[in-house]
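A.B. asks: What follows is target_7.pdb, PDB, C-alpha atoms, pLDDT in the B column.
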MODEL        1
ATOM      1  CA  MET T  25     -68.211  88.338 -49.835  1.00 64.00           C
ATOM      2  CA  TYR T  26     -70.823  89.256 -52.400  1.00 73.00           C
ATOM      3  CA  THR T  27     -69.550  90.191 -55.879  1.00 76.00           C
ATOM      4  CA  ARG T  28     -71.716  92.123 -58.242  1.00 78.00           C
ATOM      5  CA  ARG T  29     -71.831  91.103 -61.816  1.00 80.00           C
ATOM      6  CA  ARG T  30     -71.761  93.880 -64.332  1.00 81.00           C
ATOM      7  CA  LYS T  31     -74.710  94.114 -66.601  1.00 83.00           C
ATOM      8  CA  ARG T  32     -73.879  93.876 -70.239  1.00 85.00           C
ATOM      9  CA  VAL T  33     -74.931  96.887 -72.296  1.00 85.00           C
ATOM     10  CA  VAL T  34     -76.834  95.988 -75.423  1.00 87.00           C
ATOM     11  CA  ILE T  35     -77.495  98.559 -78.121  1.00 87.00           C
ATOM     12  CA  ALA T  36     -81.087  98.019 -79.156  1.00 89.00           C
ATOM     13  CA  ARG T  37     -80.856  99.900 -82.458  1.00 91.00           C
ATOM     14  CA  PRO T  38     -77.272  99.852 -83.727  1.00 91.00           C
ATOM     15  CA  ILE T  39     -78.053 101.805 -86.909  1.00 93.00           C
ATOM     16  CA  ARG T  40     -79.624 104.672 -84.965  1.00 94.00           C
ATOM     17  CA  PHE T  41     -76.713 104.656 -82.508  1.00 93.00           C
ATOM     18  CA  THR T  42     -74.174 104.755 -85.351  1.00 94.00           C
ATOM     19  CA  LEU T  43     -76.026 107.640 -86.967  1.00 95.00           C
ATOM     20  CA  PHE T  44     -76.109 109.516 -83.658  1.00 94.00           C
ATOM     21  CA  LEU T  45     -72.366 109.046 -83.107  1.00 95.00           C
ATOM     22  CA  SER T  46     -71.634 110.181 -86.667  1.00 96.00           C
ATOM     23  CA  VAL T  47     -73.620 113.391 -86.189  1.00 96.00           C
ATOM     24  CA  VAL T  48     -71.913 114.106 -82.860  1.00 95.00           C
ATOM     25  CA  ILE T  49     -68.463 113.573 -84.366  1.00 96.00           C
ATOM     26  CA  LEU T  50     -69.258 115.793 -87.361  1.00 95.00           C
ATOM     27  CA  LEU T  51     -70.532 118.575 -85.089  1.00 94.00           C
ATOM     28  CA  LEU T  52     -67.413 118.297 -82.953  1.00 94.00           C
ATOM     29  CA  LEU T  53     -65.125 118.492 -85.999  1.00 93.00           C
ATOM     30  CA  PHE T  54     -67.076 121.439 -87.406  1.00 90.00           C
ATOM     31  CA  THR T  55     -66.844 123.299 -84.096  1.00 89.00           C
ATOM     32  CA  LEU T  56     -63.114 122.649 -83.694  1.00 87.00           C
ATOM     33  CA  ASN T  57     -62.493 123.788 -87.272  1.00 83.00           C
ATOM     34  CA  ASN T  58     -64.350 127.056 -86.686  1.00 80.00           C
ATOM     35  CA  ILE T  59     -62.540 127.679 -83.418  1.00 79.00           C
ATOM     36  CA  SER T  60     -59.153 127.139 -85.025  1.00 73.00           C
ATOM     37  CA  ARG T  61     -59.979 129.533 -87.864  1.00 69.00           C
ATOM     38  CA  SER T  62     -61.302 132.316 -85.657  1.00 61.00           C
ATOM     39  CA  ASN T  63     -58.319 132.940 -83.444  1.00 53.00           C
ATOM     40  CA  THR T  64     -58.574 136.705 -83.741  1.00 52.00           C
ATOM     41  CA  ALA T  65     -60.186 138.662 -80.966  1.00 49.00           C
ATOM     42  CA  PHE T  66     -63.758 139.789 -81.428  1.00 49.00           C
ATOM     43  CA  GLY T  67     -64.016 137.640 -84.552  1.00 48.00           C
ATOM     44  CA  TYR T  68     -62.417 140.234 -86.812  1.00 50.00           C
ATOM     45  CA  SER T  69     -60.777 138.952 -89.931  1.00 49.00           C
ATOM     46  CA  LYS T  70     -57.076 138.386 -90.307  1.00 52.00           C
ATOM     47  CA  THR T  71     -55.082 140.719 -92.490  1.00 49.00           C
ATOM     48  CA  ASN T  72     -52.488 139.874 -95.086  1.00 51.00           C
ATOM     49  CA  ASN T  73     -48.920 141.023 -94.415  1.00 52.00           C
ATOM     50  CA  LYS T  74     -48.626 142.495 -97.930  1.00 60.00           C
ATOM     51  CA  GLU T  75     -51.464 144.960 -97.323  1.00 83.00           C
ATOM     52  CA  TYR T  76     -49.927 146.799 -94.358  1.00 89.00           C
ATOM     53  CA  THR T  77     -49.051 150.485 -94.546  1.00 89.00           C
ATOM     54  CA  THR T  78     -45.983 151.517 -92.560  1.00 92.00           C
ATOM     55  CA  ILE T  79     -45.729 154.862 -90.780  1.00 92.00           C
ATOM     56  CA  ILE T  80     -43.086 156.433 -88.561  1.00 94.00           C
ATOM     57  CA  VAL T  81     -44.278 157.793 -85.218  1.00 93.00           C
ATOM     58  CA  GLN T  82     -43.843 161.578 -84.911  1.00 93.00           C
ATOM     59  CA  ALA T  83     -43.732 163.680 -81.754  1.00 93.00           C
ATOM     60  CA  GLY T  84     -47.205 163.952 -80.243  1.00 92.00           C
ATOM     61  CA  ASP T  85     -48.621 160.914 -82.054  1.00 93.00           C
ATOM     62  CA  THR T  86     -50.911 158.614 -80.112  1.00 93.00           C
ATOM     63  CA  LEU T  87     -52.687 155.477 -81.260  1.00 93.00           C
ATOM     64  CA  TRP T  88     -55.938 157.437 -81.085  1.00 93.00           C
ATOM     65  CA  SER T  89     -54.606 160.213 -83.360  1.00 93.00           C
ATOM     66  CA  ILE T  90     -53.157 157.669 -85.793  1.00 92.00           C
ATOM     67  CA  ALA T  91     -56.491 155.851 -85.883  1.00 90.00           C
ATOM     68  CA  THR T  92     -58.295 159.154 -86.514  1.00 90.00           C
ATOM     69  CA  ASN T  93     -55.921 160.343 -89.251  1.00 90.00           C
ATOM     70  CA  HIS T  94     -55.396 157.093 -91.173  1.00 89.00           C
ATOM     71  CA  TYR T  95     -58.776 155.348 -91.028  1.00 88.00           C
ATOM     72  CA  ASP T  96     -62.407 156.024 -91.897  1.00 81.00           C
ATOM     73  CA  CYS T  97     -64.065 158.338 -89.372  1.00 78.00           C
ATOM     74  CA  ASN T  98     -67.088 156.008 -89.044  1.00 84.00           C
ATOM     75  CA  MET T  99     -65.029 153.112 -87.712  1.00 84.00           C
ATOM     76  CA  ASP T 100     -64.746 152.341 -84.001  1.00 89.00           C
ATOM     77  CA  LYS T 101     -61.435 153.828 -82.838  1.00 91.00           C
ATOM     78  CA  ARG T 102     -61.055 151.229 -80.086  1.00 92.00           C
ATOM     79  CA  ARG T 103     -61.191 148.454 -82.669  1.00 91.00           C
ATOM     80  CA  ILE T 104     -58.656 150.254 -84.866  1.00 91.00           C
ATOM     81  CA  ILE T 105     -56.296 150.750 -81.926  1.00 92.00           C
ATOM     82  CA  TYR T 106     -56.651 147.088 -80.959  1.00 92.00           C
ATOM     83  CA  GLU T 107     -55.844 145.969 -84.522  1.00 91.00           C
ATOM     84  CA  ILE T 108     -52.806 148.275 -84.721  1.00 93.00           C
ATOM     85  CA  GLN T 109     -51.522 146.907 -81.408  1.00 94.00           C
ATOM     86  CA  ARG T 110     -52.116 143.339 -82.589  1.00 92.00           C
ATOM     87  CA  ALA T 111     -50.365 143.953 -85.923  1.00 92.00           C
ATOM     88  CA  ASN T 112     -47.323 145.352 -84.112  1.00 93.00           C
ATOM     89  CA  ASN T 113     -47.275 142.870 -81.206  1.00 92.00           C
ATOM     90  CA  LYS T 114     -47.726 145.704 -78.711  1.00 92.00           C
ATOM     91  CA  LYS T 115     -49.140 145.056 -75.250  1.00 91.00           C
ATOM     92  CA  THR T 116     -49.510 148.749 -74.365  1.00 90.00           C
ATOM     93  CA  ALA T 117     -50.355 151.976 -76.190  1.00 88.00           C
ATOM     94  CA  ASN T 118     -46.914 153.482 -75.528  1.00 92.00           C
ATOM     95  CA  LEU T 119     -45.225 154.841 -78.660  1.00 93.00           C
ATOM     96  CA  ARG T 120     -41.674 156.064 -79.228  1.00 93.00           C
ATOM     97  CA  ILE T 121     -40.701 158.833 -81.649  1.00 94.00           C
ATOM     98  CA  GLY T 122     -39.206 157.248 -84.773  1.00 94.00           C
ATOM     99  CA  GLU T 123     -40.874 153.881 -84.157  1.00 93.00           C
ATOM    100  CA  GLN T 124     -42.260 152.188 -87.262  1.00 93.00           C
ATOM    101  CA  LEU T 125     -45.855 151.021 -87.039  1.00 93.00           C
ATOM    102  CA  LYS T 126     -47.623 148.706 -89.436  1.00 93.00           C
ATOM    103  CA  LEU T 127     -51.175 149.853 -90.088  1.00 92.00           C
ATOM    104  CA  PRO T 128     -53.422 146.939 -91.062  1.00 91.00           C
ATOM    105  CA  PRO T 129     -56.178 147.435 -93.610  1.00 88.00           C
ATOM    106  CA  LEU T 130     -59.590 147.436 -91.952  1.00 79.00           C
ATOM    107  CA  TYR T 131     -62.778 147.148 -93.927  1.00 66.00           C
TER     108      TYR T 131
ENDMDL
END
Can I see the file as C-alpha cells?

C.D. replies:
Amino acid sequence: MYTRRRKRVVIARPIRFTLFLSVVILLLLFTLNNISRSNTAFGYSKTNNKEYTTIIVQAGDTLWSIATNHYDCNMDKRRIIYEIQRANNKKTANLRIGEQLKLPPLY
C-alpha cells in the first residue's frame, strides 16, 4: 500500500507572517470588544439606573401616551416605547393600573 508523505510547510517570510497574525488578532480583539459593549438593541446607549424617573400607570395610559407626554415630541415614539419596555423588563405593551414604570432618560 502506498503511503503519502505530508509536505512540510515552510514560512518563507516569518516576519511578515508574524505581522499579519498580529494584525488579525488585534482586529479580532477590537471587534469582540465592540460587540460586548454594544449589547443594546439598535445601538442605543445604556442608561444609568440613577437617572430613571418613576411614574404610576393611571387608567387609560398606554406606552404611546406615556411616550408622548413624558418625552420630546421630535423623538421616535417606537424607540421610546422600546426603551421603556427594556428598562422595565416588559415583553409586551400591556400595562396595569397602579403599576410603577421606570422612564429612562433619552437624549

A.B. asks: Can you list, as a list in words, the residues that the PyMOL selection byres ((chain T and resi 121) around 12) selects here?

C.D. replies: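 Output from the PyMOL selection byres ((chain T and resi 121) around 12), applied to this file: Ile79, Ile80, Val81, Gln82, Ala83, Gly84, Asp85, Thr86, Asn118, Leu119, Arg120, Gly122, Glu123, Gln124 and Leu125 of chain T.
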
A.B. asks: Identify which of the residues T:Arg28, T:Lys126, T:Lys115, T:Arg37 lies closest to T:His94, counting all atoms listed in the file when measuring atom-to-atom distances.

C.D. replies: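 Of all the options, T:Lys126 lies closest to T:His94.
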
A.B. asks: Would you write out, as an mmCIF file with C-alpha atoms, keeping the file's coordinate frame, every residue that the PyMOL selection byres ((chain T and resi 101) around 10) captures in this file?

C.D. replies:
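Output contents, as saved in out.cif:
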data_model
loop_
_atom_site.group_PDB
_atom_site.id
_atom_site.type_symbol
_atom_site.label_atom_id
_atom_site.label_comp_id
_atom_site.auth_asym_id
_atom_site.auth_seq_id
_atom_site.Cartn_x
_atom_site.Cartn_y
_atom_site.Cartn_z
ATOM 1 C CA LEU T 87 -52.687 155.477 -81.260
ATOM 2 C CA TRP T 88 -55.938 157.437 -81.085
ATOM 3 C CA SER T 89 -54.606 160.213 -83.360
ATOM 4 C CA ILE T 90 -53.157 157.669 -85.793
ATOM 5 C CA ALA T 91 -56.491 155.851 -85.883
ATOM 6 C CA THR T 92 -58.295 159.154 -86.514
ATOM 7 C CA TYR T 95 -58.776 155.348 -91.028
ATOM 8 C CA ASP T 96 -62.407 156.024 -91.897
ATOM 9 C CA CYS T 97 -64.065 158.338 -89.372
ATOM 10 C CA ASN T 98 -67.088 156.008 -89.044
ATOM 11 C CA MET T 99 -65.029 153.112 -87.712
ATOM 12 C CA ASP T 100 -64.746 152.341 -84.001
ATOM 13 C CA ARG T 102 -61.055 151.229 -80.086
ATOM 14 C CA ARG T 103 -61.191 148.454 -82.669
ATOM 15 C CA ILE T 104 -58.656 150.254 -84.866
ATOM 16 C CA ILE T 105 -56.296 150.750 -81.926
ATOM 17 C CA TYR T 106 -56.651 147.088 -80.959
ATOM 18 C CA GLU T 107 -55.844 145.969 -84.522
#

A.B. asks: Between atom CA of T:Pro129 and atom CA of T:Asn113, what is the distance, to one decimal in Å?

C.D. replies: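 Going from atom CA of T:Pro129 over to atom CA of T:Asn113, I get 15.9 Å.
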
A.B. asks: Would you work out the distance separating atom CA of T:Asn112 from atom CA of T:Asn93, expressed in Å to one decimal?

C.D. replies: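 For atom CA of T:Asn112 relative to atom CA of T:Asn93, the distance reads 18.0 Å.
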
A.B. asks: Write out as a PyMOL selection string each polymer residue whose atoms come within 8 Å of T:Pro128, counting only C-alpha atoms; drop sequence neighbours fewer than 4 positions from it.

C.D. replies: chain T and resi 71+75-77+107-108+111

A.B. asks: Report the distance between atom CA of T:Arg110 and atom CA of T:Thr78 in Å, rounded to one decimal place.

C.D. replies: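 Answer for the atom CA of T:Arg110 to atom CA of T:Thr78 separation: 14.3 Å.
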